[in-house]
Amino acid sequence: MGELRHMLRDDDVNHEEQKQILELGMKFRADRFYHRPFEGPQGVAVIFDKPSTRTRSSFSIGVAELGGYPLVIDKSGSQLGRGEPVADTAEVLTRMAYGIVWRTFEQSRVEQMARVATVPVVNALTDEFHPCQVLADFLTLAQFKGGVDNLENLKIAYVGDAANNMSNSYLLAGAVAGMDVRVAGPNGYLPDQKIVEDAQAIAETTGGSIMVTVDPEQAVDGVDCIFTDTWVSMGEEAEYAIRSKPFWPYQVNERLMGLAKPDALFQHCLPAYRGKEVTTGVIDGPQSVVWDEAENRLHAQKALLTWLIGKQRGDESLLS
Ligand code: CP
Ligand code: NVA
C-alpha cells in the first residue's frame, strides 16, 4: 500500500527515514545508476521562481539519470509568474508529472501545492527552508566523518544570517539527525522562536541538542563542521547596505576555523561571496569540502526522489 509523502521542510522525515535517504545517497554516490525508478520518460516538473545553478543542474541531471524527464519551468515563462493560483497549477501538474520540485518564496506556497498534488512535492528552497541542501550537506558529513551512522555523534555550527532558510534547515535537520547543533548570528538575525522550539522538541527524541547564540566563538567551539551562507539571500537585495554591517563578527575566517576541531570541515551551500561571509583562505583552503558538497546535491536529491517514489508506490526495494 503506497503512502504519498512530501519534503517541504527538514522535519517531514523522522530520524530513521533521514538515515534511510542518506544511506541511499551514499549508494548513488558510489553508483550513479544504483536505482532507476522511472521507466521511460516519466516527467518530473522542476519549477524556479528564483535563480539557481546547483539546484537546477542537479535536479535536471538527476531526474534524467533516474530514467525520467525533467520539465524545467521558469517563473518568467509560466502562468504562475502571471498570478495563476498555486492550487490550479497543482491540479494541472499532478495529472501529468510524477513529482513536483519547486523553488519559490513563501513556505505557504509549497504547502498549498502539496495540499492539492497527488504526487510528491519537494521544496527546492523557500524563504524559510532549504531541505535538499541540508540533505546534501549531511551526506557530505557522512562521506568525510564516518558514515551515516556517525552523524548523531557530530557537533555542527552555522554562523551568519541565523534567520534565513539555511539556518532554519540546519536547526530542524540537525535535530532530526540527533546532532549537537549550534546557530550563531547577530541580534535581529536570529531564528524564529517557533522553529527553535520545533527543533528542541525533535532533539529531545533523538538525543540531539540545540544552541542559539549571538556569540560565534561559543558556537564553533570544538565542532566537526562550520557552515555559513550569504548575508543577503535571494529577494533581500534591497537590504544589501544595512545587512553588510552586523555580520562582520560572524565571518568564517582562519581564526574562527581555528576554534573548531583541528580536523573540522567547512561547508557553504554556495553561491559564496569571498571576503564577506567567508575568507578566500577558508573556502579555498584544505578544510573546505564545498565542491563535494555541491556534487552531493545530485546524489542526495536522487536518493530523496527515489525514496519518495518508493513510498508512493509501496515499493520497499526502492527505499534502500
Ligand atoms: N545552493 C543552492 O541551492 O544553489 P543554487 O541557488 O545555485 O541552486
Ligand atoms: N540563503 C540563500 C541560499 C542560497 C542557496 C538564499 O536564499 O538566497
# chains A, B, ... in the order shown; residues from 1 in each chain; ligands from 1
>>> residues_near_ligand(ligand="ligand 1", cutoff="7 Å", atoms="only C-alpha atoms and all ligand atoms", output="PyMOL selection string")
chain A and resi 51-56+125+133+269-271
>>> residues_around(residues="Val220 of chain A", least_positions_apart="6", cutoff="8 Å", atoms="only C-alpha atoms", output="PyMOL selection string")
chain A and resi 156-157+182+226+256-257+259-260
>>> residues_near_ligand(ligand="ligand 2", cutoff="12 Å", atoms="only C-alpha atoms and all ligand atoms", output="PyMOL selection string")
chain A and resi 49-56+103-106+124-134+160-170+227-237+268-273+277+294+297
>>> residues_around(residues="segment 32-46 of chain A", least_positions_apart="2", cutoff="7 Å", atoms="only C-alpha atoms", output="list in words")
Lys27, Phe28, Arg29, Ala30, Phe48, Glu65, Leu66, Gly67, Gly68, Tyr69, Pro70, Leu71, Val72, Ile73, Ala97, Tyr98, Gly99, Ile100, Val101, Trp102 and Thr306 of chain A
>>> residues_around(residues="Leu305 of chain A", least_positions_apart="5", cutoff="10 Å", atoms="only C-alpha atoms", output="list in words")
His6, Met7, Ile21, Pro37, Val44, Phe59, Gly62, Val63, Leu66, Gly99, Val101, Pro120, Val121, Val122, Ala300, Gly310, Lys311 and Leu318 of chain A
>>> closest_residue(among="A:Ala136, A:Leu4, A:Ala117, A:Ala219", to="Glu23 of chain A", atoms="only C-alpha atoms")
A:Ala136
>>> residues_around(residues="Leu80 of chain A", least_positions_apart="5", cutoff="10 Å", atoms="only C-alpha atoms", output="number ranges by chain")
A: 47, 49, 73-75, 85-86, 88-89
>>> write_last_selection(atoms="C-alpha atoms", output="mmCIF file, in the first residue's frame")
data_model
loop_
_atom_site.group_PDB
_atom_site.id
_atom_site.type_symbol
_atom_site.label_atom_id
_atom_site.label_comp_id
_atom_site.auth_asym_id
_atom_site.auth_seq_id
_atom_site.Cartn_x
_atom_site.Cartn_y
_atom_site.Cartn_z
ATOM 1 C CA ILE A 47 9.914 24.954 -11.178
ATOM 2 C CA ASP A 49 10.605 31.288 -9.104
ATOM 3 C CA ILE A 73 9.815 25.671 -15.781
ATOM 4 C CA ASP A 74 10.936 29.226 -15.046
ATOM 5 C CA LYS A 75 8.677 31.763 -13.402
ATOM 6 C CA PRO A 85 -3.254 30.247 -8.438
ATOM 7 C CA VAL A 86 -0.930 27.646 -6.943
ATOM 8 C CA ASP A 88 -4.762 25.433 -10.176
ATOM 9 C CA THR A 89 -1.143 24.834 -11.158
#
>>> atom_distance(atom1="atom CA of Thr206 of chain A", atom2="atom CA of His15 of chain A")
7.1 Å
>>> decode(residues="segment 149-165 of chain A", atoms="N, CA and C atoms", output="PDB file, in the first residue's frame")
ATOM      1  N   ASP A 149      25.870   6.438  10.097  1.00  0.00           N
ATOM      2  CA  ASP A 149      25.647   6.046  11.499  1.00  0.00           C
ATOM      3  C   ASP A 149      26.370   6.946  12.487  1.00  0.00           C
ATOM      4  N   ASN A 150      27.376   7.671  12.011  1.00  0.00           N
ATOM      5  CA  ASN A 150      28.139   8.530  12.933  1.00  0.00           C
ATOM      6  C   ASN A 150      27.576   9.945  13.042  1.00  0.00           C
ATOM      7  N   LEU A 151      26.572  10.265  12.222  1.00  0.00           N
ATOM      8  CA  LEU A 151      26.086  11.650  12.203  1.00  0.00           C
ATOM      9  C   LEU A 151      25.620  12.120  13.576  1.00  0.00           C
ATOM     10  N   GLU A 152      24.979  11.199  14.312  1.00  0.00           N
ATOM     11  CA  GLU A 152      24.412  11.628  15.605  1.00  0.00           C
ATOM     12  C   GLU A 152      25.499  11.966  16.625  1.00  0.00           C
ATOM     13  N   ASN A 153      26.738  11.624  16.316  1.00  0.00           N
ATOM     14  CA  ASN A 153      27.832  11.959  17.242  1.00  0.00           C
ATOM     15  C   ASN A 153      28.499  13.285  16.901  1.00  0.00           C
ATOM     16  N   LEU A 154      28.020  13.961  15.863  1.00  0.00           N
ATOM     17  CA  LEU A 154      28.717  15.162  15.387  1.00  0.00           C
ATOM     18  C   LEU A 154      28.149  16.442  15.990  1.00  0.00           C
ATOM     19  N   LYS A 155      29.054  17.431  16.085  1.00  0.00           N
ATOM     20  CA  LYS A 155      28.669  18.781  16.506  1.00  0.00           C
ATOM     21  C   LYS A 155      28.821  19.683  15.285  1.00  0.00           C
ATOM     22  N   ILE A 156      27.807  20.475  14.993  1.00  0.00           N
ATOM     23  CA  ILE A 156      27.891  21.378  13.840  1.00  0.00           C
ATOM     24  C   ILE A 156      27.523  22.803  14.260  1.00  0.00           C
ATOM     25  N   ALA A 157      28.105  23.773  13.557  1.00  0.00           N
ATOM     26  CA  ALA A 157      27.766  25.173  13.829  1.00  0.00           C
ATOM     27  C   ALA A 157      27.466  25.880  12.509  1.00  0.00           C
ATOM     28  N   TYR A 158      26.406  26.655  12.522  1.00  0.00           N
ATOM     29  CA  TYR A 158      26.090  27.539  11.395  1.00  0.00           C
ATOM     30  C   TYR A 158      26.239  28.967  11.914  1.00  0.00           C
ATOM     31  N   VAL A 159      27.003  29.773  11.172  1.00  0.00           N
ATOM     32  CA  VAL A 159      27.347  31.119  11.634  1.00  0.00           C
ATOM     33  C   VAL A 159      27.003  32.124  10.531  1.00  0.00           C
ATOM     34  N   GLY A 160      26.300  33.197  10.880  1.00  0.00           N
ATOM     35  CA  GLY A 160      25.984  34.227   9.881  1.00  0.00           C
ATOM     36  C   GLY A 160      24.561  34.704  10.013  1.00  0.00           C
ATOM     37  N   ASP A 161      23.820  34.705   8.903  1.00  0.00           N
ATOM     38  CA  ASP A 161      22.412  35.118   8.930  1.00  0.00           C
ATOM     39  C   ASP A 161      21.602  33.961   9.517  1.00  0.00           C
ATOM     40  N   ALA A 162      21.389  34.018  10.821  1.00  0.00           N
ATOM     41  CA  ALA A 162      20.754  32.897  11.508  1.00  0.00           C
ATOM     42  C   ALA A 162      19.233  32.929  11.404  1.00  0.00           C
ATOM     43  N   ALA A 163      18.706  33.901  10.670  1.00  0.00           N
ATOM     44  CA  ALA A 163      17.251  33.965  10.481  1.00  0.00           C
ATOM     45  C   ALA A 163      16.859  33.438   9.106  1.00  0.00           C
ATOM     46  N   ASN A 164      17.803  32.942   8.330  1.00  0.00           N
ATOM     47  CA  ASN A 164      17.450  32.594   6.945  1.00  0.00           C
ATOM     48  C   ASN A 164      17.089  31.112   6.787  1.00  0.00           C
ATOM     49  N   ASN A 165      16.819  30.743   5.540  1.00  0.00           N
ATOM     50  CA  ASN A 165      16.389  29.380   5.232  1.00  0.00           C
ATOM     51  C   ASN A 165      17.421  28.319   5.631  1.00  0.00           C
TER      52      ASN A 165
END
